[in-house]
Amino acid sequence: NSHAHALNTVMFTVEIRQSPIDIVPHQASRDPNLSQIVLNYDRCTSINISNNGHSVVVEFDDTDDRSVIQGGPLDNPYRLKQFHFHWGEKGCEGSEHTVSGNSYASELHLVHWNAVKYKTFDEAATAPDGLAVLGIFLDTGDDHRWLHTITDALYMVKFKGSITDFKDFNPKCLLPSSLHYWTYLGSLTTPPLHESVIWIVLKDPITVSEKQLGKFRMLLFTGEEEDQRLRMENNFRPPQPLKGRKVRSSN
Ligand code: 1SD
Ligand code: ZN
């Protein structure tokens, strides 16, 4: 047999901690060792707002520890890099995490990285303890007092790839009054879906109006030069299998 036997190695990744998940409150275990989370956003510096074709993103200066999340499940402070939103086409769905099978209209993600252990955000984004994402549910009701600061800027970033200055925005104004949370180990919810996220999902939602959410739905998935115009909505991933993971509760 003149033909050498070819051995093909097929590489695949085994997914064991994908996000989002359905959080079932009575199945979460209260962990008395979990301290409260602390958000030091006082000297926080936003830079710009952009449409990356998946969401609208506000970026921060992360060259030092001026804005960090710490406490809770985290071993050290994690630096704020950016925040973005996920939403639906109607108010009844749009969040990524669900609670006992129920969706919220939207979910805000504040993405932080472990600059104590890793040199760059990209390096952290592939490490098992590299990122800490704080998830906040958005429920519909009255106008949110501060969300207009963001929605007023959306017309500037309508198309994929557009970006504009967005200075001095402190995301503290988007937090609910209580910081009680669930936490579990998971992943990014968009490709490359790296299993690098310590998720901290706040139990209490913030309230925004349908009208405010409607402004997010005027954004486009598509670029200015493209012929087709695809409305940016339903940019959420559905819940993924828990695969034996435990969700811990702060209270
Ligand atoms: O969807 C975001 C993605 O846009 C990017 O920000 C990534 C971090 O590099 O995080 C995901 S998510 O998991 O926070 N949804
Ligand atoms: Zn996200």
# chains A, B, ... in the order shown; residues from 1 in each chain; ligands from 1

$ residues_near_ligand --ligand "ligand 1" --cutoff "8 Å" --atoms "only C-alpha atoms and all ligand atoms" --output "PyMOL selection string"
chain A and resi 19+52+54-55+57+82-84+86+109-111+122+125+133+187-191+193+197

$ residues_around --residues "Tyr41 in chain A" --least-positions-apart "2" --cutoff "9 Å" --atoms "only C-alpha atoms" --output "MDAnalysis selection string"
chainID A and resid 39 43:45 66:69 80 170:172

$ write_last_selection --atoms "N, CA and C atoms" --output "mmCIF file, in the first residue's frame"
data_model
loop_
_atom_site.group_PDB
_atom_site.id
_atom_site.type_symbol
_atom_site.label_atom_id
_atom_site.label_comp_id
_atom_site.auth_asym_id
_atom_site.auth_seq_id
_atom_site.Cartn_x
_atom_site.Cartn_y
_atom_site.Cartn_z
ATOM 1 N N LEU A 39 -18.798 48.972 43.354
ATOM 2 C CA LEU A 39 -18.477 49.591 42.072
ATOM 3 C C LEU A 39 -17.804 50.918 42.337
ATOM 4 N N ARG A 43 -14.252 58.030 39.362
ATOM 5 C CA ARG A 43 -13.411 58.812 38.448
ATOM 6 C C ARG A 43 -13.491 58.260 37.032
ATOM 7 N N CYS A 44 -14.615 57.580 36.790
ATOM 8 C CA CYS A 44 -14.772 56.833 35.561
ATOM 9 C C CYS A 44 -14.852 57.751 34.330
ATOM 10 N N THR A 45 -14.166 57.341 33.257
ATOM 11 C CA THR A 45 -14.087 58.193 32.072
ATOM 12 C C THR A 45 -14.556 57.474 30.821
ATOM 13 N N ARG A 66 -9.047 53.426 37.535
ATOM 14 C CA ARG A 66 -9.972 54.494 37.970
ATOM 15 C C ARG A 66 -11.414 54.015 38.097
ATOM 16 N N SER A 67 -11.829 53.015 37.284
ATOM 17 C CA SER A 67 -13.190 52.493 37.457
ATOM 18 C C SER A 67 -13.162 50.972 37.468
ATOM 19 N N VAL A 68 -13.481 50.430 38.633
ATOM 20 C CA VAL A 68 -13.389 48.980 38.838
ATOM 21 C C VAL A 68 -14.598 48.437 39.589
ATOM 22 N N ILE A 69 -14.820 47.148 39.365
ATOM 23 C CA ILE A 69 -15.785 46.400 40.184
ATOM 24 C C ILE A 69 -14.957 45.488 41.069
ATOM 25 N N LEU A 80 -13.360 48.455 34.309
ATOM 26 C CA LEU A 80 -14.440 48.669 33.349
ATOM 27 C C LEU A 80 -13.865 48.976 31.968
ATOM 28 N N ASN A 170 -21.163 58.550 33.475
ATOM 29 C CA ASN A 170 -20.906 57.613 34.563
ATOM 30 C C ASN A 170 -22.052 56.607 34.665
ATOM 31 N N PRO A 171 -21.772 55.311 34.406
ATOM 32 C CA PRO A 171 -22.844 54.311 34.398
ATOM 33 C C PRO A 171 -23.475 54.061 35.767
ATOM 34 N N LYS A 172 -22.962 54.712 36.811
ATOM 35 C CA LYS A 172 -23.591 54.600 38.141
ATOM 36 C C LYS A 172 -25.073 54.970 38.093
#

$ atom_distance --atom1 "CA of Arg231 in chain A" --atom2 "CA of Gly161 in chain A"
14.4 Å

$ residues_around --residues "range 88-103 of chain A" --least-positions-apart "3" --cutoff "10 Å" --atoms "only C-alpha atoms" --output "MDAnalysis selection string"
chainID A and resid 19:27 85 106:109 135:140 189 201 203 209:210 213:214 216:217 231:240

$ write_last_selection --atoms "N, CA and C atoms" --output "CSV table (one decimal), in the first residue's frame"
chain,number,residue,atom,x,y,z
A,19,SER,N,-23.1,31.0,28.2
A,19,SER,CA,-24.0,32.0,28.7
A,19,SER,C,-24.9,32.5,27.6
A,20,PRO,N,-26.0,33.0,27.8
A,20,PRO,CA,-26.6,33.2,29.2
A,20,PRO,C,-27.3,31.9,29.7
A,21,ILE,N,-27.9,32.0,30.8
A,21,ILE,CA,-28.6,30.8,31.4
A,21,ILE,C,-30.0,31.3,31.9
A,22,ASP,N,-30.8,30.3,32.1
A,22,ASP,CA,-32.1,30.6,32.8
A,22,ASP,C,-31.7,30.5,34.3
A,23,ILE,N,-32.0,31.6,35.1
A,23,ILE,CA,-31.7,31.6,36.5
A,23,ILE,C,-33.0,31.2,37.3
A,24,VAL,N,-32.9,30.1,38.0
A,24,VAL,CA,-34.1,29.7,38.8
A,24,VAL,C,-33.8,30.0,40.3
A,25,PRO,N,-34.4,31.1,40.8
A,25,PRO,CA,-34.0,31.6,42.1
A,25,PRO,C,-34.0,30.6,43.2
A,26,HIS,N,-35.0,29.7,43.3
A,26,HIS,CA,-35.0,28.7,44.4
A,26,HIS,C,-34.0,27.6,44.2
A,27,GLN,N,-33.4,27.6,43.0
A,27,GLN,CA,-32.3,26.6,42.9
A,27,GLN,C,-30.9,27.2,43.1
A,85,PHE,N,-25.9,46.9,25.3
A,85,PHE,CA,-27.2,46.4,25.6
A,85,PHE,C,-27.6,45.3,24.7
A,106,SER,N,-34.8,44.0,28.1
A,106,SER,CA,-33.5,44.3,27.7
A,106,SER,C,-32.5,44.0,28.8
A,107,GLU,N,-31.3,43.9,28.5
A,107,GLU,CA,-30.2,43.6,29.5
A,107,GLU,C,-29.0,44.5,29.2
A,108,LEU,N,-28.5,45.1,30.2
A,108,LEU,CA,-27.3,45.9,30.1
A,108,LEU,C,-26.1,45.1,30.6
A,109,HIS,N,-25.0,45.1,29.9
A,109,HIS,CA,-23.8,44.4,30.3
A,109,HIS,C,-22.6,45.4,30.5
A,135,GLY,N,-24.5,42.1,34.8
A,135,GLY,CA,-25.7,42.2,34.0
A,135,GLY,C,-26.8,42.9,34.8
A,136,ILE,N,-27.5,43.8,34.1
A,136,ILE,CA,-28.6,44.5,34.7
A,136,ILE,C,-29.9,44.4,33.8
A,137,PHE,N,-31.0,43.9,34.4
A,137,PHE,CA,-32.2,43.8,33.6
A,137,PHE,C,-32.9,45.1,33.4
A,138,LEU,N,-33.5,45.3,32.2
A,138,LEU,CA,-34.3,46.5,32.0
A,138,LEU,C,-35.8,46.1,31.8
A,139,ASP,N,-36.6,46.6,32.7
A,139,ASP,CA,-38.0,46.3,32.7
A,139,ASP,C,-38.7,47.5,32.1
A,140,THR,N,-39.9,47.3,31.5
A,140,THR,CA,-40.6,48.5,30.9
A,140,THR,C,-41.6,49.1,31.9
A,189,THR,N,-21.5,36.0,25.3
A,189,THR,CA,-22.7,35.6,24.7
A,189,THR,C,-22.7,35.8,23.2
A,201,VAL,N,-25.2,38.9,38.0
A,201,VAL,CA,-26.4,39.4,37.4
A,201,VAL,C,-27.3,40.0,38.6
A,203,LYS,N,-30.3,41.2,40.8
A,203,LYS,CA,-31.7,40.7,40.9
A,203,LYS,C,-32.7,41.7,40.6
A,209,SER,N,-38.8,53.2,29.7
A,209,SER,CA,-40.1,53.2,29.0
A,209,SER,C,-40.0,52.5,27.7
A,210,GLU,N,-41.1,52.1,27.1
A,210,GLU,CA,-41.2,51.5,25.8
A,210,GLU,C,-40.6,52.5,24.8
A,213,LEU,N,-36.9,52.4,24.8
A,213,LEU,CA,-36.4,51.2,24.2
A,213,LEU,C,-36.6,51.2,22.7
A,214,GLY,N,-37.6,51.9,22.2
A,214,GLY,CA,-37.9,52.1,20.8
A,214,GLY,C,-36.8,52.8,20.1
A,216,PHE,N,-33.6,52.4,20.7
A,216,PHE,CA,-32.6,51.4,20.4
A,216,PHE,C,-32.9,50.6,19.1
A,217,ARG,N,-34.2,50.4,18.9
A,217,ARG,CA,-34.7,49.7,17.7
A,217,ARG,C,-34.5,50.4,16.4
A,231,ARG,N,-32.8,46.3,10.8
A,231,ARG,CA,-33.0,46.9,12.1
A,231,ARG,C,-32.3,46.1,13.2
A,232,MET,N,-31.6,46.8,14.0
A,232,MET,CA,-30.9,46.1,15.1
A,232,MET,C,-31.9,45.8,16.3
A,233,GLU,N,-32.3,44.5,16.3
A,233,GLU,CA,-33.2,44.1,17.4
A,233,GLU,C,-33.1,42.6,17.6
A,234,ASN,N,-33.5,42.1,18.7
A,234,ASN,CA,-33.3,40.6,19.0
A,234,ASN,C,-31.9,40.2,18.9
A,235,ASN,N,-31.0,41.1,19.5
A,235,ASN,CA,-29.6,40.8,19.5
A,235,ASN,C,-29.2,40.2,20.8
A,236,PHE,N,-30.0,39.2,21.2
A,236,PHE,CA,-29.8,38.4,22.4
A,236,PHE,C,-29.6,36.9,22.1
A,237,ARG,N,-28.8,36.3,22.9
A,237,ARG,CA,-28.6,34.8,22.7
A,237,ARG,C,-29.6,34.1,23.7
A,238,PRO,N,-30.2,33.0,23.3
A,238,PRO,CA,-31.1,32.3,24.3
A,238,PRO,C,-30.3,31.6,25.4
A,239,PRO,N,-31.0,31.2,26.5
A,239,PRO,CA,-30.3,30.5,27.5
A,239,PRO,C,-29.7,29.2,27.1
A,240,GLN,N,-28.6,28.9,27.6
A,240,GLN,CA,-27.8,27.7,27.3
A,240,GLN,C,-27.8,26.7,28.4

$ residues_around --residues "range 31-34 of chain A" --least-positions-apart "6" --cutoff "9 Å" --atoms "only C-alpha atoms" --output "PDB file with N, CA, C and O atoms, in the first residue's frame"
ATOM      1  N   GLY A  71     -15.098  42.850  45.015  1.00  0.00           N
ATOM      2  CA  GLY A  71     -15.954  42.179  45.993  1.00  0.00           C
ATOM      3  C   GLY A  71     -16.757  41.075  45.336  1.00  0.00           C
ATOM      4  O   GLY A  71     -16.441  40.638  44.232  1.00  0.00           O
ATOM      5  N   GLY A  72     -17.802  40.633  46.019  1.00  0.00           N
ATOM      6  CA  GLY A  72     -18.610  39.530  45.516  1.00  0.00           C
ATOM      7  C   GLY A  72     -17.738  38.310  45.239  1.00  0.00           C
ATOM      8  O   GLY A  72     -16.896  37.936  46.054  1.00  0.00           O
ATOM      9  N   PRO A  73     -17.885  37.694  44.073  1.00  0.00           N
ATOM     10  CA  PRO A  73     -17.116  36.492  43.748  1.00  0.00           C
ATOM     11  C   PRO A  73     -15.698  36.800  43.267  1.00  0.00           C
ATOM     12  O   PRO A  73     -14.932  35.862  42.991  1.00  0.00           O
ATOM     13  N   ARG A 248     -24.929  30.946  42.505  1.00  0.00           N
ATOM     14  CA  ARG A 248     -24.895  31.373  43.905  1.00  0.00           C
ATOM     15  C   ARG A 248     -25.615  32.708  44.062  1.00  0.00           C
ATOM     16  O   ARG A 248     -25.639  33.517  43.137  1.00  0.00           O
ATOM     17  N   SER A 249     -26.172  32.892  45.231  1.00  0.00           N
ATOM     18  CA  SER A 249     -26.956  34.092  45.496  1.00  0.00           C
ATOM     19  C   SER A 249     -26.326  34.887  46.636  1.00  0.00           C
ATOM     20  O   SER A 249     -25.836  34.305  47.608  1.00  0.00           O
ATOM     21  N   SER A 250     -26.340  36.205  46.529  1.00  0.00           N
ATOM     22  CA  SER A 250     -25.687  37.057  47.531  1.00  0.00           C
ATOM     23  C   SER A 250     -26.528  37.239  48.786  1.00  0.00           C
ATOM     24  O   SER A 250     -26.031  37.713  49.797  1.00  0.00           O
ATOM     25  N   ASN A 251     -27.833  36.907  48.723  1.00  0.00           N
ATOM     26  CA  ASN A 251     -28.694  37.112  49.904  1.00  0.00           C
ATOM     27  C   ASN A 251     -29.791  36.071  49.970  1.00  0.00           C
ATOM     28  O   ASN A 251     -29.882  35.229  49.072  1.00  0.00           O
TER      29      ASN A 251
END

$ select_by_dssp --residues "range 191-247 of chain A" --states "strand (DSSP E)" --output "list in words"
Val197, Ile198, Trp199, Ile200, Val201, Leu202, Ile206, Thr207 and Val208 of chain A

$ write_last_selection --atoms "all heavy atoms" --output "compact mmCIF listing (two decimals), in the first residue's frame"
# COMPACT_ATOMS: atom_id res chain seq x y z
N VAL A 197 -15.96 34.35 31.52
CA VAL A 197 -16.72 35.38 32.25
C VAL A 197 -17.20 34.90 33.62
O VAL A 197 -17.84 33.85 33.74
CB VAL A 197 -17.93 35.86 31.42
CG1 VAL A 197 -18.70 36.95 32.17
CG2 VAL A 197 -17.50 36.37 30.05
N ILE A 198 -16.89 35.70 34.65
CA ILE A 198 -17.54 35.55 35.94
C ILE A 198 -18.77 36.46 35.86
O ILE A 198 -18.64 37.69 35.79
CB ILE A 198 -16.60 35.97 37.09
CG1 ILE A 198 -15.35 35.09 37.10
CG2 ILE A 198 -17.34 35.92 38.43
CD1 ILE A 198 -14.26 35.56 38.06
N TRP A 199 -19.94 35.86 35.74
CA TRP A 199 -21.17 36.64 35.61
C TRP A 199 -21.70 37.08 36.96
O TRP A 199 -21.74 36.29 37.91
CB TRP A 199 -22.25 35.81 34.88
CG TRP A 199 -22.08 35.86 33.40
CD1 TRP A 199 -21.43 34.95 32.61
CD2 TRP A 199 -22.51 36.92 32.53
NE1 TRP A 199 -21.44 35.38 31.30
CE2 TRP A 199 -22.10 36.58 31.22
CE3 TRP A 199 -23.21 38.12 32.72
CZ2 TRP A 199 -22.35 37.40 30.12
CZ3 TRP A 199 -23.47 38.93 31.64
CH2 TRP A 199 -23.04 38.57 30.35
N ILE A 200 -22.11 38.34 37.03
CA ILE A 200 -22.76 38.89 38.22
C ILE A 200 -24.04 39.53 37.70
O ILE A 200 -23.98 40.53 36.97
CB ILE A 200 -21.86 39.92 38.93
CG1 ILE A 200 -20.54 39.26 39.36
CG2 ILE A 200 -22.58 40.55 40.11
CD1 ILE A 200 -19.46 40.24 39.79
N VAL A 201 -25.17 38.92 37.98
CA VAL A 201 -26.45 39.40 37.44
C VAL A 201 -27.26 40.00 38.59
O VAL A 201 -27.55 39.30 39.58
CB VAL A 201 -27.23 38.25 36.76
CG1 VAL A 201 -28.57 38.75 36.22
CG2 VAL A 201 -26.40 37.62 35.64
N LEU A 202 -27.57 41.28 38.48
CA LEU A 202 -28.34 41.93 39.55
C LEU A 202 -29.77 41.43 39.56
O LEU A 202 -30.39 41.24 38.51
CB LEU A 202 -28.31 43.45 39.39
CG LEU A 202 -26.94 44.12 39.51
CD1 LEU A 202 -27.09 45.64 39.53
CD2 LEU A 202 -26.18 43.65 40.75
N ILE A 206 -33.80 47.72 36.41
CA ILE A 206 -34.12 49.15 36.35
C ILE A 206 -35.33 49.28 35.43
O ILE A 206 -35.63 48.36 34.67
CB ILE A 206 -32.93 50.00 35.84
CG1 ILE A 206 -32.46 49.58 34.44
CG2 ILE A 206 -31.77 49.94 36.83
CD1 ILE A 206 -31.45 50.54 33.80
N THR A 207 -36.03 50.39 35.52
CA THR A 207 -37.22 50.60 34.69
C THR A 207 -36.94 51.65 33.63
O THR A 207 -36.39 52.72 33.93
CB THR A 207 -38.41 51.03 35.57
OG1 THR A 207 -38.62 50.02 36.56
CG2 THR A 207 -39.68 51.20 34.74
N VAL A 208 -37.30 51.33 32.39
CA VAL A 208 -37.18 52.27 31.26
C VAL A 208 -38.52 52.23 30.52
O VAL A 208 -39.28 51.28 30.68
CB VAL A 208 -36.03 51.89 30.30
CG1 VAL A 208 -34.73 51.67 31.08
CG2 VAL A 208 -36.36 50.65 29.49

$ select_by_dssp --residues "range 24-136 of chain A" --states "alpha helix (DSSP H)" --output "list in words"
Phe121, Asp122, Glu123 and Ala124 of chain A

$ write_last_selection --atoms "all heavy atoms" --output "PDB file, in the first residue's frame"
ATOM      1  N   PHE A 121      -6.839  43.328  27.573  1.00  0.00           N
ATOM      2  CA  PHE A 121      -8.219  42.849  27.562  1.00  0.00           C
ATOM      3  C   PHE A 121      -8.322  41.558  26.752  1.00  0.00           C
ATOM      4  O   PHE A 121      -8.966  40.596  27.179  1.00  0.00           O
ATOM      5  CB  PHE A 121      -9.155  43.908  26.981  1.00  0.00           C
ATOM      6  CG  PHE A 121     -10.566  43.417  26.864  1.00  0.00           C
ATOM      7  CD1 PHE A 121     -11.429  43.470  27.950  1.00  0.00           C
ATOM      8  CD2 PHE A 121     -11.030  42.881  25.673  1.00  0.00           C
ATOM      9  CE1 PHE A 121     -12.729  42.984  27.853  1.00  0.00           C
ATOM     10  CE2 PHE A 121     -12.331  42.393  25.561  1.00  0.00           C
ATOM     11  CZ  PHE A 121     -13.177  42.442  26.655  1.00  0.00           C
ATOM     12  N   ASP A 122      -7.666  41.518  25.592  1.00  0.00           N
ATOM     13  CA  ASP A 122      -7.752  40.342  24.720  1.00  0.00           C
ATOM     14  C   ASP A 122      -7.195  39.085  25.384  1.00  0.00           C
ATOM     15  O   ASP A 122      -7.736  37.994  25.202  1.00  0.00           O
ATOM     16  CB  ASP A 122      -7.035  40.593  23.390  1.00  0.00           C
ATOM     17  CG  ASP A 122      -7.810  41.580  22.520  1.00  0.00           C
ATOM     18  OD1 ASP A 122      -8.997  41.825  22.813  1.00  0.00           O
ATOM     19  OD2 ASP A 122      -7.215  42.103  21.555  1.00  0.00           O
ATOM     20  N   GLU A 123      -6.128  39.264  26.141  1.00  0.00           N
ATOM     21  CA  GLU A 123      -5.570  38.123  26.869  1.00  0.00           C
ATOM     22  C   GLU A 123      -6.567  37.660  27.943  1.00  0.00           C
ATOM     23  O   GLU A 123      -6.838  36.468  28.087  1.00  0.00           O
ATOM     24  CB  GLU A 123      -4.226  38.528  27.509  1.00  0.00           C
ATOM     25  CG  GLU A 123      -3.476  37.372  28.146  1.00  0.00           C
ATOM     26  CD  GLU A 123      -2.243  37.825  28.939  1.00  0.00           C
ATOM     27  OE1 GLU A 123      -1.759  38.961  28.729  1.00  0.00           O
ATOM     28  OE2 GLU A 123      -1.783  37.041  29.773  1.00  0.00           O
ATOM     29  N   ALA A 124      -7.144  38.616  28.653  1.00  0.00           N
ATOM     30  CA  ALA A 124      -8.119  38.292  29.706  1.00  0.00           C
ATOM     31  C   ALA A 124      -9.349  37.595  29.121  1.00  0.00           C
ATOM     32  O   ALA A 124      -9.922  36.692  29.741  1.00  0.00           O
ATOM     33  CB  ALA A 124      -8.521  39.560  30.447  1.00  0.00           C
TER      34      ALA A 124
END

$ atom_distance --atom1 "CA of Pro77 in chain A" --atom2 "CA of Val116 in chain A"
7.6 Å

$ atom_distance --atom1 "CA of Gly53 in chain A" --atom2 "atom 1 (Zn, counted along the ligand's line) of ligand 2"
12.6 Å

$ residues_around --residues "Lys160 in chain A" --least-positions-apart "2" --cutoff "12 Å" --atoms "only C-alpha atoms" --output "PyMOL selection string"
chain A and resi 49-57+154-158+162-163+219-226+229-232

$ closest_residue --among "A:His180, A:Gln228, A:Met11, A:Ser29" --to "Arg245 in chain A" --atoms "only C-alpha atoms"
A:Ser29

$ residues_around --residues "Tyr118 in chain A" --least-positions-apart "3" --cutoff "12 Å" --atoms "only C-alpha atoms" --output "PyMOL selection string"
chain A and resi 76+78-79+113-115+121-131

$ write_last_selection --atoms "N, CA, C and O atoms" --output "mmCIF file, in the first residue's frame"
data_model
loop_
_atom_site.group_PDB
_atom_site.id
_atom_site.type_symbol
_atom_site.label_atom_id
_atom_site.label_comp_id
_atom_site.auth_asym_id
_atom_site.auth_seq_id
_atom_site.Cartn_x
_atom_site.Cartn_y
_atom_site.Cartn_z
ATOM 1 N N ASN A 76 -10.015 40.011 42.900
ATOM 2 C CA ASN A 76 -9.312 41.297 42.821
ATOM 3 C C ASN A 76 -10.164 42.243 41.995
ATOM 4 O O ASN A 76 -11.141 41.812 41.370
ATOM 5 N N TYR A 78 -11.600 44.364 38.953
ATOM 6 C CA TYR A 78 -11.667 44.216 37.499
ATOM 7 C C TYR A 78 -12.013 45.574 36.903
ATOM 8 O O TYR A 78 -12.941 46.241 37.368
ATOM 9 N N ARG A 79 -11.282 45.971 35.849
ATOM 10 C CA ARG A 79 -11.462 47.295 35.220
ATOM 11 C C ARG A 79 -12.613 47.369 34.239
ATOM 12 O O ARG A 79 -12.732 46.493 33.370
ATOM 13 N N TRP A 113 -12.431 43.720 33.040
ATOM 14 C CA TRP A 113 -11.390 42.687 32.856
ATOM 15 C C TRP A 113 -10.372 42.713 33.984
ATOM 16 O O TRP A 113 -10.173 43.728 34.657
ATOM 17 N N ASN A 114 -9.741 41.547 34.158
ATOM 18 C CA ASN A 114 -8.804 41.322 35.248
ATOM 19 C C ASN A 114 -7.405 41.811 34.855
ATOM 20 O O ASN A 114 -6.609 41.069 34.283
ATOM 21 N N ALA A 115 -7.145 43.092 35.177
ATOM 22 C CA ALA A 115 -5.858 43.700 34.797
ATOM 23 C C ALA A 115 -4.779 43.385 35.831
ATOM 24 O O ALA A 115 -3.617 43.755 35.653
ATOM 25 N N PHE A 121 -6.839 43.328 27.573
ATOM 26 C CA PHE A 121 -8.219 42.849 27.562
ATOM 27 C C PHE A 121 -8.322 41.558 26.752
ATOM 28 O O PHE A 121 -8.966 40.596 27.179
ATOM 29 N N ASP A 122 -7.666 41.518 25.592
ATOM 30 C CA ASP A 122 -7.752 40.342 24.720
ATOM 31 C C ASP A 122 -7.195 39.085 25.384
ATOM 32 O O ASP A 122 -7.736 37.994 25.202
ATOM 33 N N GLU A 123 -6.128 39.264 26.141
ATOM 34 C CA GLU A 123 -5.570 38.123 26.869
ATOM 35 C C GLU A 123 -6.567 37.660 27.943
ATOM 36 O O GLU A 123 -6.838 36.468 28.087
ATOM 37 N N ALA A 124 -7.144 38.616 28.653
ATOM 38 C CA ALA A 124 -8.119 38.292 29.706
ATOM 39 C C ALA A 124 -9.349 37.595 29.121
ATOM 40 O O ALA A 124 -9.922 36.692 29.741
ATOM 41 N N ALA A 125 -9.741 38.018 27.911
ATOM 42 C CA ALA A 125 -10.988 37.509 27.322
ATOM 43 C C ALA A 125 -10.933 36.021 26.989
ATOM 44 O O ALA A 125 -11.958 35.424 26.665
ATOM 45 N N THR A 126 -9.743 35.402 27.063
ATOM 46 C CA THR A 126 -9.645 33.961 26.809
ATOM 47 C C THR A 126 -9.304 33.182 28.083
ATOM 48 O O THR A 126 -9.174 31.961 28.032
ATOM 49 N N ALA A 127 -9.163 33.873 29.210
ATOM 50 C CA ALA A 127 -8.780 33.214 30.461
ATOM 51 C C ALA A 127 -10.022 32.910 31.309
ATOM 52 O O ALA A 127 -10.983 33.663 31.287
ATOM 53 N N PRO A 128 -9.994 31.810 32.059
ATOM 54 C CA PRO A 128 -11.200 31.401 32.802
ATOM 55 C C PRO A 128 -11.679 32.418 33.844
ATOM 56 O O PRO A 128 -12.861 32.457 34.169
ATOM 57 N N ASP A 129 -10.743 33.254 34.339
ATOM 58 C CA ASP A 129 -11.128 34.284 35.310
ATOM 59 C C ASP A 129 -10.784 35.670 34.758
ATOM 60 O O ASP A 129 -10.475 36.593 35.495
ATOM 61 N N GLY A 130 -10.856 35.804 33.442
ATOM 62 C CA GLY A 130 -10.401 37.044 32.806
ATOM 63 C C GLY A 130 -11.385 38.188 32.848
ATOM 64 O O GLY A 130 -10.989 39.345 32.976
ATOM 65 N N LEU A 131 -12.687 37.866 32.718
ATOM 66 C CA LEU A 131 -13.688 38.937 32.621
ATOM 67 C C LEU A 131 -14.722 38.836 33.739
ATOM 68 O O LEU A 131 -15.007 37.742 34.244
#

$ closest_residue --among "A:Asp65, A:Asp165, A:Trp87, A:Ser196" --to "ligand 2" --atoms "only C-alpha atoms and all ligand atoms"
A:Trp87
